[in-house]
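Coordinates as given in run14.cif (mmCIF, C-alpha atoms and all ligand atoms):
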```
data_my_file
#
loop_
_atom_site.label_atom_id
_atom_site.label_comp_id
_atom_site.auth_asym_id
_atom_site.auth_seq_id
_atom_site.Cartn_x
_atom_site.Cartn_y
_atom_site.Cartn_z
CA MET O 1 45.70 63.24 -22.40
CA ALA O 2 43.05 64.03 -25.00
CA VAL O 3 40.35 61.59 -25.98
CA PHE O 4 40.24 60.91 -29.73
CA ALA O 5 36.60 62.02 -29.88
CA ARG O 6 34.22 60.45 -32.40
CA ALA O 7 32.23 63.67 -32.82
CA PRO O 8 32.61 67.28 -31.64
CA GLY O 9 30.73 68.86 -28.73
CA LEU O 10 29.13 65.75 -27.29
CA PRO O 11 26.95 65.81 -24.16
CA ARG O 12 28.17 63.41 -21.47
CA VAL O 13 25.99 60.46 -20.66
CA ALA O 14 25.03 59.91 -17.02
CA TRP O 15 22.71 56.91 -16.91
CA ALA O 16 20.03 55.04 -18.86
CA ARG O 17 16.99 52.86 -18.10
CA GLY O 18 14.65 51.07 -20.47
CA VAL O 19 14.36 53.29 -23.57
CA GLU O 20 15.57 56.49 -21.86
CA VAL O 21 19.10 57.97 -21.74
CA VAL O 22 19.96 60.90 -19.43
CA ASP O 23 22.99 63.21 -19.77
CA THR O 24 24.99 64.92 -17.03
CA ASP O 25 22.94 68.13 -17.50
CA GLY O 26 19.80 66.14 -16.69
CA ARG O 27 18.50 66.20 -20.28
CA ARG O 28 16.42 63.15 -21.19
CA TYR O 29 16.46 61.39 -24.55
CA LEU O 30 14.24 58.66 -25.99
CA ASP O 31 16.67 56.16 -27.46
CA ALA O 32 15.05 55.30 -30.77
CA SER O 33 18.49 54.27 -32.07
CA GLY O 34 19.28 51.61 -29.46
CA GLY O 35 22.75 53.19 -29.56
CA ALA O 36 23.75 51.77 -32.94
CA VAL O 37 20.82 49.32 -33.14
CA VAL O 38 22.48 47.45 -30.28
CA VAL O 39 20.35 47.64 -27.15
CA GLY O 40 17.63 44.97 -27.46
CA VAL O 41 16.67 44.17 -23.86
CA GLY O 42 16.70 47.85 -22.82
CA HIS O 43 19.10 49.91 -20.75
CA GLY O 44 19.86 49.20 -17.12
CA VAL O 45 18.67 45.60 -16.84
CA GLU O 46 19.94 44.47 -13.42
CA GLU O 47 19.75 40.77 -14.18
CA VAL O 48 22.11 41.14 -17.16
CA VAL O 49 24.52 43.33 -15.18
CA GLU O 50 24.42 40.79 -12.34
CA ALA O 51 25.14 37.84 -14.66
CA ALA O 52 28.19 39.64 -16.08
CA ALA O 53 29.41 40.69 -12.63
CA ALA O 54 28.92 37.22 -11.15
CA GLN O 55 31.00 35.63 -13.92
CA ALA O 56 33.70 38.32 -13.57
CA ARG O 57 33.81 37.60 -9.83
CA ARG O 58 34.24 33.87 -10.44
CA VAL O 59 36.81 34.34 -13.18
CA ALA O 60 37.11 37.31 -15.52
CA TYR O 61 39.76 36.04 -17.90
CA VAL O 62 41.69 32.99 -18.92
CA HIS O 63 42.99 32.40 -22.40
CA GLY O 64 40.64 30.56 -24.73
CA THR O 65 43.36 28.10 -25.75
CA ALA O 66 43.99 27.13 -22.09
CA PHE O 67 40.46 26.61 -20.72
CA GLY O 68 36.92 26.07 -21.90
CA SER O 69 34.07 27.14 -19.63
CA ASP O 70 30.72 25.73 -18.54
CA VAL O 71 28.98 29.04 -19.19
CA LEU O 72 30.12 29.02 -22.81
CA GLU O 73 28.80 25.46 -23.30
CA GLU O 74 25.53 26.47 -21.66
CA TYR O 75 25.22 29.55 -23.89
CA ALA O 76 25.91 27.51 -27.05
CA ALA O 77 23.34 24.89 -26.02
CA GLU O 78 20.57 27.47 -25.45
CA LEU O 79 21.44 29.45 -28.57
CA ALA O 80 21.62 26.49 -30.97
CA PRO O 81 17.87 25.83 -31.39
CA LEU O 82 17.25 29.53 -32.13
CA LEU O 83 19.75 29.74 -34.99
CA PRO O 84 18.74 29.18 -38.64
CA LEU O 85 21.65 26.76 -39.25
CA ASP O 86 21.78 22.97 -39.03
CA ASP O 87 23.78 21.64 -36.09
CA PRO O 88 25.52 25.02 -35.54
CA ALA O 89 28.95 25.62 -34.01
CA VAL O 90 29.69 29.04 -32.53
CA TYR O 91 32.96 31.02 -32.37
CA PRO O 92 32.48 33.93 -29.90
CA VAL O 93 34.47 37.13 -30.48
CA SER O 94 34.32 40.81 -29.43
CA GLY O 95 32.05 42.44 -31.99
CA GLY O 96 30.54 42.46 -35.45
CA SER O 97 33.67 43.19 -37.48
CA GLU O 98 35.57 40.38 -35.73
CA ALA O 99 32.63 38.07 -36.38
CA VAL O 100 32.74 38.91 -40.10
CA GLU O 101 36.55 38.42 -40.23
CA THR O 102 36.10 35.07 -38.52
CA ALA O 103 33.36 33.93 -40.90
CA LEU O 104 35.50 34.92 -43.91
CA LYS O 105 38.39 32.85 -42.58
CA MET O 106 36.02 29.94 -41.92
CA ALA O 107 34.86 30.09 -45.53
CA ARG O 108 38.44 29.97 -46.81
CA ALA O 109 39.39 27.21 -44.33
CA TYR O 110 36.36 25.16 -45.40
CA HIS O 111 37.39 25.20 -49.06
CA LEU O 112 41.06 24.54 -48.25
CA ALA O 113 40.03 21.51 -46.18
CA ARG O 114 38.20 20.23 -49.28
CA GLY O 115 41.28 20.79 -51.43
CA GLU O 116 39.93 23.92 -53.11
CA ASP O 117 41.88 27.17 -53.26
CA ARG O 118 39.02 29.69 -53.12
CA TRP O 119 39.54 33.23 -51.81
CA VAL O 120 37.28 35.71 -53.63
CA VAL O 121 34.33 36.94 -51.57
CA VAL O 122 31.25 38.48 -53.16
CA GLY O 123 29.65 41.32 -51.22
CA ARG O 124 26.93 43.72 -52.34
CA GLU O 125 26.83 47.34 -53.40
CA HIS O 126 25.93 49.80 -50.61
CA SER O 127 26.51 47.17 -47.91
CA TYR O 128 28.22 47.58 -44.55
CA HIS O 129 29.92 44.67 -42.78
CA GLY O 130 32.42 46.37 -40.48
CA ASN O 131 35.46 48.58 -40.32
CA SER O 132 38.32 46.10 -40.05
CA ARG O 133 40.10 45.55 -43.36
CA GLY O 134 38.54 42.21 -44.36
CA ALA O 135 35.06 43.32 -43.37
CA LEU O 136 35.52 46.68 -45.13
CA ASP O 137 36.73 44.87 -48.24
CA VAL O 138 33.43 42.98 -48.43
CA SER O 139 31.45 46.16 -47.69
CA GLY O 140 30.18 48.10 -50.69
CA ARG O 141 29.89 51.61 -49.24
CA ALA O 142 32.22 53.65 -51.41
CA ALA O 143 32.72 56.56 -49.00
CA LEU O 144 33.93 54.30 -46.19
CA ARG O 145 36.19 52.34 -48.52
CA ALA O 146 37.73 55.30 -50.33
CA PRO O 147 40.54 56.29 -47.90
CA TYR O 148 41.66 52.67 -47.51
CA LEU O 149 41.41 51.36 -51.08
CA PRO O 150 45.12 50.48 -51.38
CA TRP O 151 44.70 48.18 -48.38
CA LEU O 152 41.58 46.45 -49.57
CA GLY O 153 41.66 43.03 -51.14
CA PRO O 154 39.99 40.95 -53.77
CA ALA O 155 36.29 41.21 -52.87
CA VAL O 156 33.84 41.94 -55.70
CA HIS O 157 30.40 43.46 -55.34
CA THR O 158 27.09 42.52 -56.87
CA SER O 159 23.70 44.25 -56.96
CA THR O 160 21.40 44.49 -53.97
CA PRO O 161 17.61 44.76 -53.99
CA GLN O 162 16.20 48.18 -53.13
CA GLU O 163 12.47 48.25 -53.42
CA TYR O 164 12.27 52.07 -53.45
CA ARG O 165 14.93 52.38 -56.13
CA CYS O 166 14.73 49.10 -57.97
CA GLY O 167 17.01 49.17 -60.97
CA PHE O 168 14.90 46.56 -62.81
CA ASP O 169 11.68 47.37 -64.60
CA THR O 170 10.17 44.05 -63.46
CA HIS O 171 9.66 45.27 -59.90
CA PRO O 172 8.04 44.00 -57.73
CA HIS O 173 7.62 40.71 -59.63
CA GLY O 174 10.70 38.81 -60.67
CA CYS O 175 13.20 41.41 -59.52
CA GLY O 176 14.73 39.02 -56.95
CA LEU O 177 15.43 36.68 -59.86
CA ARG O 178 17.16 39.46 -61.78
CA HIS O 179 19.44 40.10 -58.82
CA ALA O 180 20.19 36.37 -58.64
CA GLU O 181 21.13 36.43 -62.33
CA ARG O 182 23.40 39.41 -61.60
CA LEU O 183 25.05 37.45 -58.77
CA GLU O 184 25.61 34.50 -61.08
CA GLN O 185 27.26 36.85 -63.58
CA THR O 186 29.45 38.34 -60.83
CA ILE O 187 30.54 34.84 -59.80
CA ALA O 188 31.20 33.92 -63.44
CA ASP O 189 33.31 37.06 -63.98
CA ALA O 190 35.38 36.34 -60.85
CA GLY O 191 35.84 32.69 -61.86
CA PRO O 192 33.48 30.32 -60.02
CA GLU O 193 36.32 28.04 -58.89
CA ARG O 194 37.87 30.99 -57.03
CA VAL O 195 34.76 32.27 -55.22
CA ALA O 196 34.64 31.25 -51.56
CA ALA O 197 31.57 33.01 -50.18
CA PHE O 198 28.69 35.42 -50.74
CA VAL O 199 28.16 37.81 -47.80
CA ALA O 200 24.91 39.74 -47.34
CA GLU O 201 22.46 40.94 -44.73
CA PRO O 202 19.05 39.20 -45.01
CA VAL O 203 17.49 42.67 -44.50
CA ALA O 204 19.92 45.47 -45.42
CA GLY O 205 20.53 47.64 -42.33
CA ALA O 206 22.81 50.67 -42.14
CA GLY O 207 23.84 50.68 -45.81
CA LEU O 208 20.29 50.85 -47.16
CA ALA O 209 18.12 51.83 -44.18
CA ALA O 210 16.16 48.64 -43.54
CA CYS O 211 15.57 47.45 -47.11
CA VAL O 212 13.59 44.20 -47.17
CA PRO O 213 14.26 42.16 -50.34
CA PRO O 214 11.41 40.76 -52.44
CA GLU O 215 10.31 37.22 -51.55
CA ASP O 216 11.87 35.58 -54.57
CA TYR O 217 15.34 37.02 -53.81
CA TRP O 218 16.84 34.75 -51.14
CA PRO O 219 15.69 31.37 -52.53
CA ALA O 220 17.11 32.29 -55.96
CA VAL O 221 20.38 33.66 -54.58
CA VAL O 222 20.97 30.66 -52.33
CA GLU O 223 20.33 28.35 -55.29
CA VAL O 224 22.98 30.16 -57.37
CA CYS O 225 25.51 29.93 -54.52
CA ARG O 226 24.87 26.23 -53.88
CA ARG O 227 25.21 25.43 -57.59
CA HIS O 228 28.66 27.06 -57.65
CA GLY O 229 29.87 25.68 -54.30
CA VAL O 230 29.87 29.22 -52.85
CA LEU O 231 29.13 29.45 -49.12
CA VAL O 232 26.25 31.71 -48.04
CA VAL O 233 27.18 34.03 -45.17
CA ALA O 234 24.22 35.80 -43.54
CA ASP O 235 25.47 38.90 -41.75
CA GLU O 236 22.94 39.24 -38.92
CA VAL O 237 25.03 41.62 -36.80
CA MET O 238 22.24 44.20 -37.00
CA THR O 239 19.23 41.99 -37.75
CA GLY O 240 19.88 39.18 -35.23
CA PHE O 241 18.50 38.54 -31.76
CA GLY O 242 14.91 39.55 -32.37
CA ARG O 243 15.44 42.92 -34.03
CA THR O 244 13.23 42.22 -37.08
CA GLY O 245 10.53 40.33 -35.18
CA ARG O 246 12.21 36.93 -35.68
CA TRP O 247 15.16 35.56 -33.72
CA PHE O 248 17.17 35.92 -36.93
CA ALA O 249 16.03 37.71 -40.09
CA SER O 250 17.00 34.71 -42.27
CA GLU O 251 13.81 33.12 -40.92
CA HIS O 252 11.60 35.58 -42.83
CA PHE O 253 12.81 33.97 -46.05
CA GLY O 254 13.22 30.35 -44.91
CA MET O 255 16.93 30.87 -45.51
CA ARG O 256 19.48 28.43 -44.03
CA PRO O 257 22.95 30.01 -44.42
CA ASP O 258 26.24 28.08 -44.17
CA LEU O 259 27.72 30.76 -41.93
CA LEU O 260 26.11 33.50 -39.86
CA THR O 261 27.52 36.50 -38.03
CA ALA O 262 25.95 38.29 -35.07
CA GLY O 263 26.94 41.03 -32.62
CA LYS O 264 25.11 44.16 -31.42
CA GLY O 265 21.90 42.67 -29.90
CA ALA O 266 23.70 39.47 -28.83
CA ALA O 267 24.79 41.09 -25.56
CA SER O 268 22.67 44.24 -25.97
CA GLY O 269 25.68 46.50 -25.34
CA TYR O 270 26.40 45.11 -21.85
CA TRP O 271 29.52 43.40 -23.21
CA PRO O 272 31.31 43.64 -26.56
CA LEU O 273 30.17 40.29 -27.93
CA GLY O 274 30.18 39.03 -31.51
CA LEU O 275 29.48 35.55 -32.85
CA ALA O 276 30.59 33.71 -35.97
CA VAL O 277 28.44 30.63 -36.43
CA ALA O 278 29.11 27.76 -38.84
CA SER O 279 26.75 25.00 -39.91
CA GLY O 280 27.65 21.52 -38.66
CA GLU O 281 28.89 20.62 -42.13
CA VAL O 282 31.25 23.61 -42.32
CA HIS O 283 32.44 23.03 -38.74
CA GLU O 284 33.14 19.32 -39.28
CA THR O 285 34.93 19.97 -42.56
CA ILE O 286 37.25 22.59 -41.04
CA GLY O 287 37.71 20.71 -37.74
CA ASP O 288 38.35 22.56 -34.48
CA GLY O 289 42.08 22.67 -35.12
CA GLY O 290 41.72 23.69 -38.77
CA LEU O 291 41.12 27.39 -38.24
CA VAL O 292 44.33 29.41 -37.97
CA HIS O 293 42.73 32.28 -36.11
CA GLY O 294 41.92 33.76 -32.69
CA PHE O 295 41.77 36.98 -30.67
CA THR O 296 42.83 37.63 -27.08
CA TYR O 297 39.16 38.05 -26.16
CA SER O 298 37.73 35.15 -28.21
CA HIS O 299 35.61 32.73 -26.15
CA HIS O 300 35.37 35.19 -23.25
CA ALA O 301 33.42 33.74 -20.30
CA VAL O 302 31.96 37.11 -19.25
CA GLY O 303 30.77 37.59 -22.83
CA ALA O 304 29.09 34.17 -22.75
CA ALA O 305 27.47 34.89 -19.36
CA THR O 306 26.18 38.25 -20.63
CA GLY O 307 24.95 36.75 -23.91
CA LEU O 308 23.17 33.99 -22.01
CA ALA O 309 21.41 36.46 -19.69
CA VAL O 310 20.35 38.58 -22.70
CA LEU O 311 19.08 35.53 -24.59
CA ARG O 312 17.00 34.41 -21.60
CA ARG O 313 15.61 37.91 -21.15
CA LEU O 314 14.58 38.10 -24.83
CA ARG O 315 13.02 34.63 -24.62
CA ASP O 316 11.34 34.86 -21.21
CA HIS O 317 9.90 38.34 -21.77
CA GLY O 318 8.60 37.57 -25.27
CA LEU O 319 10.65 40.39 -26.76
CA VAL O 320 10.93 38.91 -30.26
CA GLY O 321 7.14 38.94 -30.63
CA ALA O 322 7.09 42.40 -29.06
CA ALA O 323 9.51 43.63 -31.74
CA GLU O 324 7.12 42.46 -34.44
CA GLU O 325 4.13 44.11 -32.78
CA ARG O 326 5.74 47.41 -31.80
CA GLY O 327 7.55 47.53 -35.16
CA ALA O 328 4.23 47.29 -37.02
CA GLN O 329 2.88 50.09 -34.81
CA LEU O 330 5.96 52.25 -35.41
CA ALA O 331 6.00 51.81 -39.20
CA GLY O 332 2.21 52.27 -39.37
CA LEU O 333 2.27 55.50 -37.37
CA LEU O 334 5.21 56.86 -39.36
CA ARG O 335 3.38 56.19 -42.62
CA GLU O 336 0.23 57.78 -41.23
CA ARG O 337 1.96 60.90 -39.92
CA LEU O 338 4.63 61.30 -42.59
CA GLY O 339 2.96 59.80 -45.64
CA ASP O 340 2.30 63.28 -47.07
CA HIS O 341 5.45 64.96 -45.83
CA PRO O 342 7.23 66.54 -48.82
CA TRP O 343 10.62 65.18 -47.68
CA VAL O 344 9.67 61.62 -46.80
CA GLY O 345 10.16 59.33 -49.77
CA ASP O 346 9.79 55.96 -48.10
CA VAL O 347 9.12 54.28 -44.75
CA ARG O 348 10.22 50.61 -44.69
CA GLY O 349 11.61 47.86 -42.54
CA ALA O 350 10.92 44.71 -40.56
CA GLY O 351 10.04 44.56 -36.87
CA LEU O 352 11.87 47.25 -34.90
CA LEU O 353 14.33 47.97 -37.70
CA VAL O 354 12.61 50.82 -39.53
CA GLY O 355 14.12 53.14 -42.15
CA VAL O 356 12.90 56.56 -43.27
CA GLU O 357 14.35 57.78 -46.56
CA LEU O 358 14.38 61.52 -47.20
CA VAL O 359 14.25 63.04 -50.68
CA GLU O 360 14.19 66.50 -52.18
CA ASP O 361 11.46 65.56 -54.63
CA ARG O 362 9.00 62.77 -53.86
CA GLY O 363 7.64 62.44 -57.38
CA SER O 364 10.99 61.82 -59.03
CA ARG O 365 12.55 60.33 -55.84
CA THR O 366 15.42 62.77 -56.28
CA PRO O 367 17.79 62.76 -53.30
CA PHE O 368 19.01 65.91 -51.61
CA PRO O 369 22.47 67.06 -52.69
CA ARG O 370 25.15 65.94 -50.23
CA SER O 371 25.93 69.57 -49.43
CA ARG O 372 22.52 69.92 -47.72
CA ARG O 373 23.65 67.44 -45.01
CA VAL O 374 20.03 66.53 -44.35
CA THR O 375 20.67 63.36 -42.32
CA GLU O 376 23.12 65.13 -40.02
CA GLN O 377 20.73 68.03 -39.54
CA LEU O 378 17.79 65.75 -38.80
CA LEU O 379 19.86 63.85 -36.24
CA ALA O 380 20.82 67.12 -34.54
CA ALA O 381 17.26 68.53 -34.59
CA ALA O 382 15.89 65.27 -33.16
CA LYS O 383 18.52 65.23 -30.42
CA GLU O 384 17.54 68.79 -29.48
CA LEU O 385 13.99 67.51 -29.07
CA GLY O 386 15.14 64.55 -26.97
CA LEU O 387 15.11 61.85 -29.65
CA LEU O 388 18.09 59.67 -30.65
CA LEU O 389 18.17 58.37 -34.24
CA TYR O 390 20.78 56.39 -36.18
CA PRO O 391 22.13 57.67 -39.53
CA ALA O 392 21.80 55.37 -42.53
CA ALA O 393 22.16 55.77 -46.26
CA GLY O 394 19.32 55.96 -48.74
CA CYS O 395 21.54 55.23 -51.72
CA ALA O 396 20.33 56.77 -54.88
CA ASP O 397 22.48 55.21 -57.59
CA GLY O 398 26.01 56.03 -56.60
CA SER O 399 25.21 59.06 -54.48
CA ARG O 400 24.58 58.46 -50.82
CA GLY O 401 21.07 59.73 -50.30
CA ASP O 402 19.62 60.53 -46.90
CA ALA O 403 17.95 58.17 -44.46
CA VAL O 404 17.62 57.49 -40.76
CA LEU O 405 17.17 54.19 -38.97
CA LEU O 406 14.96 53.62 -35.96
CA GLY O 407 16.05 50.63 -33.90
CA PRO O 408 14.85 51.21 -30.33
CA PRO O 409 15.18 48.67 -27.52
CA LEU O 410 12.64 45.87 -28.04
CA VAL O 411 11.06 46.73 -24.67
CA ILE O 412 9.68 50.00 -26.04
CA SER O 413 6.04 50.54 -25.01
CA ALA O 414 3.15 51.56 -27.27
CA ALA O 415 3.11 55.01 -25.60
CA GLU O 416 6.86 55.44 -26.17
CA VAL O 417 6.43 54.49 -29.84
CA GLU O 418 3.89 57.33 -30.12
CA GLN O 419 6.33 59.76 -28.50
CA VAL O 420 9.10 58.70 -30.89
CA VAL O 421 6.85 59.46 -33.85
CA GLU O 422 5.74 62.81 -32.35
CA ARG O 423 9.34 63.91 -31.88
CA LEU O 424 10.44 62.74 -35.31
CA VAL O 425 7.58 64.67 -36.93
CA ALA O 426 8.51 67.74 -34.87
CA ALA O 427 12.19 67.45 -35.85
CA LEU O 428 11.29 67.23 -39.54
CA ASP O 429 9.05 70.28 -39.13
CA VAL O 430 11.95 72.24 -37.62
CA LEU O 431 14.15 71.34 -40.60
CA ALA O 432 11.59 71.81 -43.34
CA ASP O 433 10.63 75.27 -42.01
N1 LIG A 501 27.86 43.94 -39.94
C1 LIG A 501 26.76 44.71 -39.91
C2 LIG A 501 25.56 44.30 -40.72
C3 LIG A 501 26.71 45.87 -39.13
O1 LIG A 501 25.61 46.63 -39.11
C4 LIG A 501 27.86 46.22 -38.37
C5 LIG A 501 27.89 47.45 -37.49
N2 LIG A 501 27.07 48.48 -37.84
C6 LIG A 501 28.99 45.38 -38.43
C7 LIG A 501 28.94 44.25 -39.23
C8 LIG A 501 30.24 45.69 -37.65
O2 LIG A 501 30.03 45.50 -36.31
P1 LIG A 501 30.99 46.21 -35.24
O3 LIG A 501 30.79 47.68 -35.37
O4 LIG A 501 30.50 45.65 -33.92
O5 LIG A 501 32.38 45.80 -35.52
#
```

Go ahead and express the file in the form of structure tokens.
Ligand code: PMP
Amino acid sequence: MAVFARAPGLPRVAWARGVEVVDTDGRRYLDASGGAVVVGVGHGVEEVVEAAAAQARRVAYVHGTAFGSDVLEEYAAELAPLLPLDDPAVYPVSGGSEAVETALKMARAYHLARGEDRWVVVGREHSYHGNSRGALDVSGRAALRAPYLPWLGPAVHTSTPQEYRCGFDTHPHGCGLRHAERLEQTIADAGPERVAAFVAEPVAGAGLAACVPPEDYWPAVVEVCRRHGVLVVADEVMTGFGRTGRWFASEHFGMRPDLLTAGKGAASGYWPLGLAVASGEVHETIGDGGLVHGFTYSHHAVGAATGLAVLRRLRDHGLVGAAEERGAQLAGLLRERLGDHPWVGDVRGAGLLVGVELVEDRGSRTPFPRSRRVTEQLLAAAKELGLLLYPAAGCADGSRGDAVLLGPPLVISAAEVEQVVERLVAALDVLAD
């Protein structure tokens, strides 16, 4: 039987350790992508593998409605103080899209429990929140939505801050407030009594290549939501678990969301784990029995054991601080080496989530035409040189733009950061030649 391949002509992976991936032909790659910004603790960490195997040996599967498990309670207890929510309650699932679906249902269930029939969700332009239908509905990336539009529901989309392409002339002062005004208008247009939640990444990942909003953005946006009884959902699937140099990126802005989603780094790729987290107030209002929801693999004990081992590894090896330090080195070196490159418009990010936006003309910030397929070509050239990158979107007003994300494992060394930059510069030279 054929495999429904995700891309043509792929090399086959053999093994991986730390920041290095090796294929079956013995070719070695530096994994500056962390897969899809997933692998935080590094590849091949025995202690994580052992924790997963030990739990699978004890018991691999029982249904979440039949049994709880000690390991899940232990995981929740160690995770709680790290989360930017008051008295959090966690709903473990199998990945980021499921986490977003779960958070959306929690938002609706919360309002229903309070006697309010709210269902509209506000997402943001250019955003990505997952490929399942609810998560795609909230996502603002037109190209991903286009084939499925008849299936998509009632989400509406508001503006999102992009420092490099700020649509407001006030930038950088006061532009966060302008976006908050825009959100308030979006809520007003949808009918405030119908709006259940606002969903956004604290730092925009794949959709905008690591765009950090201005400081005044989150406080103003949260204030608008609170005033209209709209729940704030922080999608930290990409930014969570140390990626941006904080346990969760909400911390950069002192933001306390009502709901939070995580995935990717939660189990670092060793298990498909996602988390939907509710504040104590949201949890108590819904009640444990109030959520009509669940997946076969919700509350999986092996997922909890893997997540717990990853969390301890991040904590005990100081990897969140390391992400901040190595991230500053990476962004600094990229700016130094690529600051004058004719194709590099912007280098941005937080911690080890770094975006490089590519443009045809730096002065006017004009993107390349889509037909040039610059991102795809850069990914291929880098792979030839033994460097794995993750594609992102630059997003020049309506057109997609070109950008790559660097999100290596948080264990990357200073010397490996230098090699990543060397190879990226070399790959750009190949293309620009
Ligand atoms: N939210 C965000 C912010 C993401 O980056 C992603 C994945 N790129 C998702 C949700 C969906 O996660 P998954 O692919 O695990 O379903």

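Picture a line from CA of Arg182 (chain O) to CA of Phe368 (chain O); it runs 28.7 Å.
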
> Do you know which residues are within 6 Å of ligand LIG 501 (chain A) using only C-alpha atoms and all ligand atoms? Can you write them as a VMD selection string?
Replying inline: chain O and resid 95 to 97 128 to 130 206 235 to 238 263

>> Taking 6 positions as the minimum chain separation for residues in the same chain, which residues sit within 12 Å of Arg335 (chain O) when counting only C-alpha atoms? Answer as a ChimeraX atom specification.
In response: /O:328-329,341,344-349,354-357,421,425

File dump, residues just selected, C-alpha atoms, as a JSON list (two decimals), in the coordinates of the input:
```json
[["chain", "number", "residue", "atom", "x", "y", "z"],
["O", 328, "ALA", "CA", 4.23, 47.29, -37.02],
["O", 329, "GLN", "CA", 2.88, 50.09, -34.81],
["O", 341, "HIS", "CA", 5.45, 64.96, -45.83],
["O", 344, "VAL", "CA", 9.67, 61.62, -46.80],
["O", 345, "GLY", "CA", 10.16, 59.33, -49.77],
["O", 346, "ASP", "CA", 9.79, 55.96, -48.10],
["O", 347, "VAL", "CA", 9.12, 54.28, -44.75],
["O", 348, "ARG", "CA", 10.22, 50.61, -44.69],
["O", 349, "GLY", "CA", 11.61, 47.86, -42.54],
["O", 354, "VAL", "CA", 12.61, 50.82, -39.53],
["O", 355, "GLY", "CA", 14.12, 53.14, -42.15],
["O", 356, "VAL", "CA", 12.90, 56.56, -43.27],
["O", 357, "GLU", "CA", 14.35, 57.78, -46.56],
["O", 421, "VAL", "CA", 6.85, 59.46, -33.85],
["O", 425, "VAL", "CA", 7.58, 64.67, -36.93]]
```

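Shortest atom-to-atom contact with Arg246 (chain O) among O:Pro202, O:Gly176, O:Gly287, O:Pro150: O:Pro202, counting only C-alpha atoms.
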
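Proximity to Leu83 (chain O) at 9 Å, evaluated using only C-alpha atoms and with sequence-adjacent residues fewer than 2 positions away removed, yields Leu79, Ala80, Pro81, Leu85, Asp86, Pro88, Trp247, Phe248, Leu260 and Val277 of chain O.
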